[in-house]
Amino acid sequence: MAEIENSIEQNLNAQSDANNNMAKVENGNSETNGQLDSAKDENELILIQDSAFSVKINVPGLEPFDLQVTSMELVQEIHQMLMDKEETCHRTCFSLQLDGQVLDNFTELKTIEGLKDGSVIKVVEEPYTVREVRLHVRHINDLIHSIDPIDNFNAVNCNSLTYLNDITNGDITDKKNLKSETNDCQPQEFVLPNGKETPISAIHLNGIKTRPPSCLKQLAFSGWNPPPGKRKMKGDLMYLHVITNEDKRYHLTASTRGFYVNLSTDDAFNPKQDNSHKIHHSLVELLNSLSVSFKKNFSFVQKKRTQKHPFERIGTPFQVFSWLAPEFEHSVDWFRAEDSNASKLGHEDHIPGHSRDWNEEIQATRELPKKTLPERLVRERAMFKVHSDFVNAATRGAIAVVESNIMAINPGEDSKIQMFIWNNMFFSLGFDVKDHYKDFGGDFAAYVAPVSDLQGVKALNLLDIDGLYTLGTVIIDYKGFRVTAQSIIPGILDKDQEQSVVHGSTDFGKTCVTHPKYNELLEKVASHLRMRPHKIKIENQEEIVLHSSIECKGIIGNDSRHYVLDLLRMFPVDINFLPNDENQESDEKPFPRKFRHKLCSLRQELVESFIDTKYVQFVKHAAIQIQEMNKAKKAEEIEAKKENEAETSDIENAKQLVKDLTNNNVQENSTKIIEDACKHVGSWKSTEFDIRFNPNLYQPVVKLADCEDLIKSDKKVLNEACEFLVNVQIPILIKEFLEHGIFITDGATLSDTLHSRGINIRYLGYILEQVKKYETLSYIYSIGITELVNRCAKRVFRQFIQTVPALNLSASVAHFMNCYLGNFVKSSTLGQVENVENKVNKKRKKNHNKKRGLQEINNDWASLTQRSLWSQISEEAMAQYKFDVKLDSFDEQAFGNLSLRKLSLLRSFCQSNGVQILLREYNFENKHKETFMDDDILNMYPVVKHVPTKATDAYNFFTNGQAKIQQGYFKEGFDLISESYNLLTNVYGALHPEICMCLRLLSRLNYILGDYQEALSTQHKAVLMCERLYGVDNAQAITEYSHLALYCFANGQISNSIKLLYRARYLLLINFGEDHPEMSLIDSNLGLILQAAGEYDSAMKFLEKALECSKKYFGAKSMKTALSYHLLARLQSCRGDFRTALMNERETYQIYKGLLGEEHDRTKESAQVLKHLTEQAVLLQKKLNEMHKGEKVSFPPIQIQQPSLQTVLAMLNIINGIIFLPTHDEEMEKIKQELNKLQQKQLQSNLSAVDKKEATSEPSASVNAQDDDLQ
């Protein structure tokens, strides 16, 4: 194991990024370190000096050049820089030498003796080996295809798409692009307000317009490989075959000295060197001498490659697929063919050097030391690297399982219950194996159990308890099958599971065993996850104490590690979906109601929020008793205390109060006070606050052995938690919806919002019934019903596609999508044609089909009709969500009546089912031709669920930075967020969702602090990263583009700012449509900036649409509507339309007067504007009247002022809710005081809500909180 740890650490050091500046914690800065929970023994934060200096690189054949490095970099990183640099990228087999001494690749530069600023490092060409030749040739092939777009669409080598620099015609952070060109401001028609159709081809900028030039027609390993022994003795390592663009064929020899042309032909072997060509150490140099076309095109490709931003070229941690793709011409690539070799896929675990012991790697990285910050960084970096590799390998294995490319370990059994082992991973399908879930919902339960188990794995991984191990787990949905991939416990395959389990039950509670070590470990888990230790009675009437659910199994592996698995019940059961004798289903109330399976549980976020609420009740009850007890003696003190509490009361003070009680600071009756408060809130312990849940409550087989009072208490607490979800959390969510403070554009963002508040998706039907009551939430209702219908369609599609034979996959998917979204579906002639084909091939395929029952040739899929499909969707909606979805016809109007939009349904369907379709426009309303054809279905890709690793120290820095910002300490917050960014890049590398979020907040802080250029540069990275990690049409990209547009304008790039806002608007049209409150903000920004560019007509269209949205969603008398009227008035005055401007500004004045009063600054400003507009309107009308009378009129200059860029920027900041910070300490102190008062008001309103509803508390801000909150 020590060897594995050393090798992991070495590999990670080799891959560390040049910008991974590491903060080390030892002894020092008490303020920052006091905020870090994880840094227990360190007292200070000291930044290690990471000095930068320049070295001179001497490369054969090139002039020496300078390279900037830092002292903490490894020699390996210089090696990688040279392999990436345009002039030296074709070199791979070389060493770096300083004064004749070879530098070790894994050595830090600061430890190299004699290395200083100005030192000359020499690149020395080294002899090749077979391995080095393979690496070199593969590297050259990758360089040749480095700008091919096809890999980005199919996530090959974790490539993905980004279009930011294409939209802005180059990198906007380059100085040459700082001068704005305003001649390109006209929008395309589909971006304009009230457009009829939104084209989907513009997602990918209307497809790939130009293909990169071809460097070679063919580069491949020759059929003459391997060299015979005689030639090996002369240094031949490998033979290559090349066909140039000039159609010249060459056979090349790769020798220890380099590459040269030999005299072999396709028919005759002659390995002697062709003396008309020199030998070259680099294959590129040889090809340059052989082909003029190669030299020209290879140079062009490398120039284009190096012009790309590094974030465009680095691979993502996990694959990101595109649901839309153009059709590419399939070209010859021998290396791609070698990678996809079926024999390698099926036998990878038998090839020496290719098999990785995933379980050992996962567990060994968890066992790395974590006492100091540097140790934790190394550990977390190792865990992340192994986890990302495991996920990618598991995905490949799951695809092979579904496509029958791996032999099952139980081939004689039904295909549904077959299991597989490949590459040291265990794969199982999401079906009820041997009626294991018979009492819990059968296949429905078996399908959701892996996801529940994954949540349990996530909870335990976050706890990170020493000595307790979980399996690497990944869930892959592919072609209708759910595949669970897990690492393998050492020794588990040598015996039955019943023999392996030393803790827990294998039959849901009939029998059960315990183990003292597991009791000790799970007791720690139970205290964190709020599980109560409880007694159960098994078949032999023996009573056993458990700290977890009955299904949680403990297995000691041959490596002596204690593993836990089957963690599907780590959280309380949701009795809202589990009717029982005490809580029966009724038509008079929405809950409880029957559900398809009995594995419904509450989310961890809900449990934590419920506990926080109970804690507030506990503290208030104790405080009231103390006040009553001391009322007579300490009336004055209590009065002062009340005043103090009114100003500073919060959860922290509540905790302090309880701490005082437990420390006997209130000595008289303190024990009784605590006991009464504990009893009042249902605490498990009578001497301290400790709410626990019984994980085995309401289990069909488990017999509880606790006393009746304890069981009643368990049921009461569970019932309160479930009521809390319905009566508190959901109303709070709807209140947030009504305030339009949550950015929701599609089903994915809606799901994330519900989950972050502890609300399960199965409540979606109930939420929609509540949302439907509010007209201003029509967009939420539309998004919700789209997500509901999509999830139902996904379940139907899953059953539909499982039985379809491989040769009919594209036809069947197209047929399903036509039935789902089209307006015309062909008759069953397709099925008849396929039946004829099946009869012809029946005998030939008969034996093959016996191997897998699920793939028996049949054409039942062709019998699906629109009516039958929507009938199934309606049944699913009623069974799953108790929501009525009925569709009478299948045109756009019928969908619109249900608040459904076909484009949104298409996008959601493809993304959730992993269907990739052709990039073209689809006509959903054609009644004579099918919308989708067979050739429109390009591919199906896997949809992966996994538990990402966490950078704990970076998370602590980030949350502390957020807290500082909310308190008004912006610069201190900025420093903490910056340090979080450094730690995140150290752990995750360059690209990761958490880094993207960190960059977004840093750019906003830079902008607020007045550094516009740095804000632009940072947000540019955030947008690139967002597109790479989430997809180019993801909802998050809308926000990122909008922020970047603002920063572009602040830097004078007006044209780019407009282009970026056009893109943001288009993405919102794709995600949802135009009728969305966020469209008001985008259109207001667009109108203002177009006005600054002098495009008054276009600006008018956008500002009028912004006003329309504001009135609909925020109210006709809201502040946002007043601002929209004001913006319109400004524009109309610029156009000379003073009368209309006067009308709009009067509306603004009336709203401000009604909401703020006549003495408010905004009201006064509006009055001044009204006065000015009135004067101008009167003057203009007077002159017009004189003209009408035929008098000669000399017009004095009308005061029409084009707003300055600074004025426009100030208005943009108001629209986007941005404040700028004063530099004086006194003014900063005032801002902090205002922020504190605002927080106290919010807290008091929350506490009053608790009093009214007997419980509620907002969940604490998470690392995913949007940075807009800081305004």
# chains A, B, ... in the order shown; residues from 1 in each chain; ligands from 1
call {"tool": "closest_atom_pairs", "arguments": {"of": "region 521-627 of chain A", "to": "region 464-471 of chain A", "cutoff": "12 Å", "atoms": "only C-alpha atoms", "output": "tab-separated table"}}
result
residue	atom	partner	partner_atom	distance
A:Leu521	CA	A:Leu468	CA	6.7
A:Leu522	CA	A:Leu468	CA	8.5
A:Glu523	CA	A:Ile465	CA	10.9
A:Lys524	CA	A:Ile465	CA	7.9
A:Val525	CA	A:Ile465	CA	7.9
A:Ala526	CA	A:Ile465	CA	11.6
A:Ser527	CA	A:Ile465	CA	11.9
A:His528	CA	A:Ile465	CA	10.6
A:Cys552	CA	A:Thr470	CA	11.3
A:Lys553	CA	A:Thr470	CA	10.8
A:Gly554	CA	A:Leu468	CA	9.6
A:Ile555	CA	A:Tyr469	CA	9.8
A:Ile556	CA	A:Tyr469	CA	9.9
A:Gly557	CA	A:Tyr469	CA	10.3
A:Asp559	CA	A:Tyr469	CA	11.5
A:Ser560	CA	A:Gly467	CA	10.1
A:Arg561	CA	A:Tyr469	CA	7.1
A:His562	CA	A:Leu468	CA	5.6
A:Tyr563	CA	A:Tyr469	CA	4.6
A:Val564	CA	A:Thr470	CA	5.6
A:Leu565	CA	A:Thr470	CA	6.5
A:Asp566	CA	A:Thr470	CA	9.7
A:Leu567	CA	A:Thr470	CA	9.4
call {"tool": "residues_around", "arguments": {"residues": "His1043 (chain A)", "least_positions_apart": "6", "cutoff": "9 Å", "atoms": "only C-alpha atoms", "output": "PDB file with N, CA, C and O atoms, in the first residue's frame"}}
result
ATOM      1  N   ARG A1000     -16.557  33.427 -10.695  1.00  0.00           N
ATOM      2  CA  ARG A1000     -17.692  34.327 -10.872  1.00  0.00           C
ATOM      3  C   ARG A1000     -17.766  35.342  -9.731  1.00  0.00           C
ATOM      4  O   ARG A1000     -17.980  36.539  -9.947  1.00  0.00           O
ATOM      5  N   SER A1003     -14.807  37.833  -9.906  1.00  0.00           N
ATOM      6  CA  SER A1003     -14.979  38.863 -10.935  1.00  0.00           C
ATOM      7  C   SER A1003     -15.969  39.928 -10.463  1.00  0.00           C
ATOM      8  O   SER A1003     -15.757  41.128 -10.688  1.00  0.00           O
ATOM      9  N   ARG A1004     -17.036  39.510  -9.788  1.00  0.00           N
ATOM     10  CA  ARG A1004     -18.002  40.487  -9.280  1.00  0.00           C
ATOM     11  C   ARG A1004     -17.351  41.379  -8.219  1.00  0.00           C
ATOM     12  O   ARG A1004     -17.576  42.588  -8.185  1.00  0.00           O
ATOM     13  N   GLN A1019     -13.961  36.977 -15.316  1.00  0.00           N
ATOM     14  CA  GLN A1019     -15.252  36.499 -15.800  1.00  0.00           C
ATOM     15  C   GLN A1019     -15.109  35.800 -17.149  1.00  0.00           C
ATOM     16  O   GLN A1019     -15.866  34.868 -17.450  1.00  0.00           O
TER      17      GLN A1019
END
call {"tool": "closest_residue", "arguments": {"among": "A:Leu991, A:Leu205, A:Leu1002, A:Ala1037", "to": "Gly973 (chain A)", "atoms": "only C-alpha atoms"}}
result
A:Leu1002
call {"tool": "residues_around", "arguments": {"residues": "Leu809 (chain A)", "least_positions_apart": "2", "cutoff": "10 Å", "atoms": "only C-alpha atoms", "output": "VMD selection string"}}
result
chain A and resid 479 801 to 807 811 to 815 861 934 937 939 to 940
call {"tool": "residues_around", "arguments": {"residues": "Leu429 (chain A)", "least_positions_apart": "5", "cutoff": "10 Å", "atoms": "only C-alpha atoms", "output": "list in words"}}
result
Ala398, Val401, Val402, Ser415, Lys416, Ile417, Gln418, Met419, Phe420, Ala446, Tyr447, Pro450, Ile475, Ile476, Asp477, Phe481, Arg482, Val483, Thr484 and Ala485 of chain A
call {"tool": "atom_distance", "arguments": {"atom1": "CA of Asn926 (chain A)", "atom2": "CA of Phe816 (chain A)"}}
result
16.5 Å
call {"tool": "atom_distance", "arguments": {"atom1": "CA of Glu875 (chain A)", "atom2": "CA of Arg795 (chain A)"}}
result
11.1 Å
call {"tool": "residues_around", "arguments": {"residues": "Ile759 (chain A)", "least_positions_apart": "6", "cutoff": "9 Å", "atoms": "only C-alpha atoms", "output": "list in words"}}
result
Leu602, Arg603, Glu605, Leu606, Leu725, Val726, Gln729, Ile730, Ser751 and Thr753 of chain A
call {"tool": "closest_residue", "arguments": {"among": "A:Lys950, A:His547, A:Arg1162, A:Arg134", "to": "Leu1123 (chain A)", "atoms": "only C-alpha atoms"}}
result
A:Arg1162
call {"tool": "select_by_dssp", "arguments": {"residues": "region 778-1009 of chain A", "states": "alpha helix (DSSP H)", "output": "PyMOL selection string"}}
result
chain A and resi 778-802+809-821+829-840+842-850+866-881+892-897+902-913+952-966+970-988+993-1008
call {"tool": "atom_distance", "arguments": {"atom1": "CA of Asp266 (chain A)", "atom2": "CA of Leu143 (chain A)"}}
result
26.6 Å
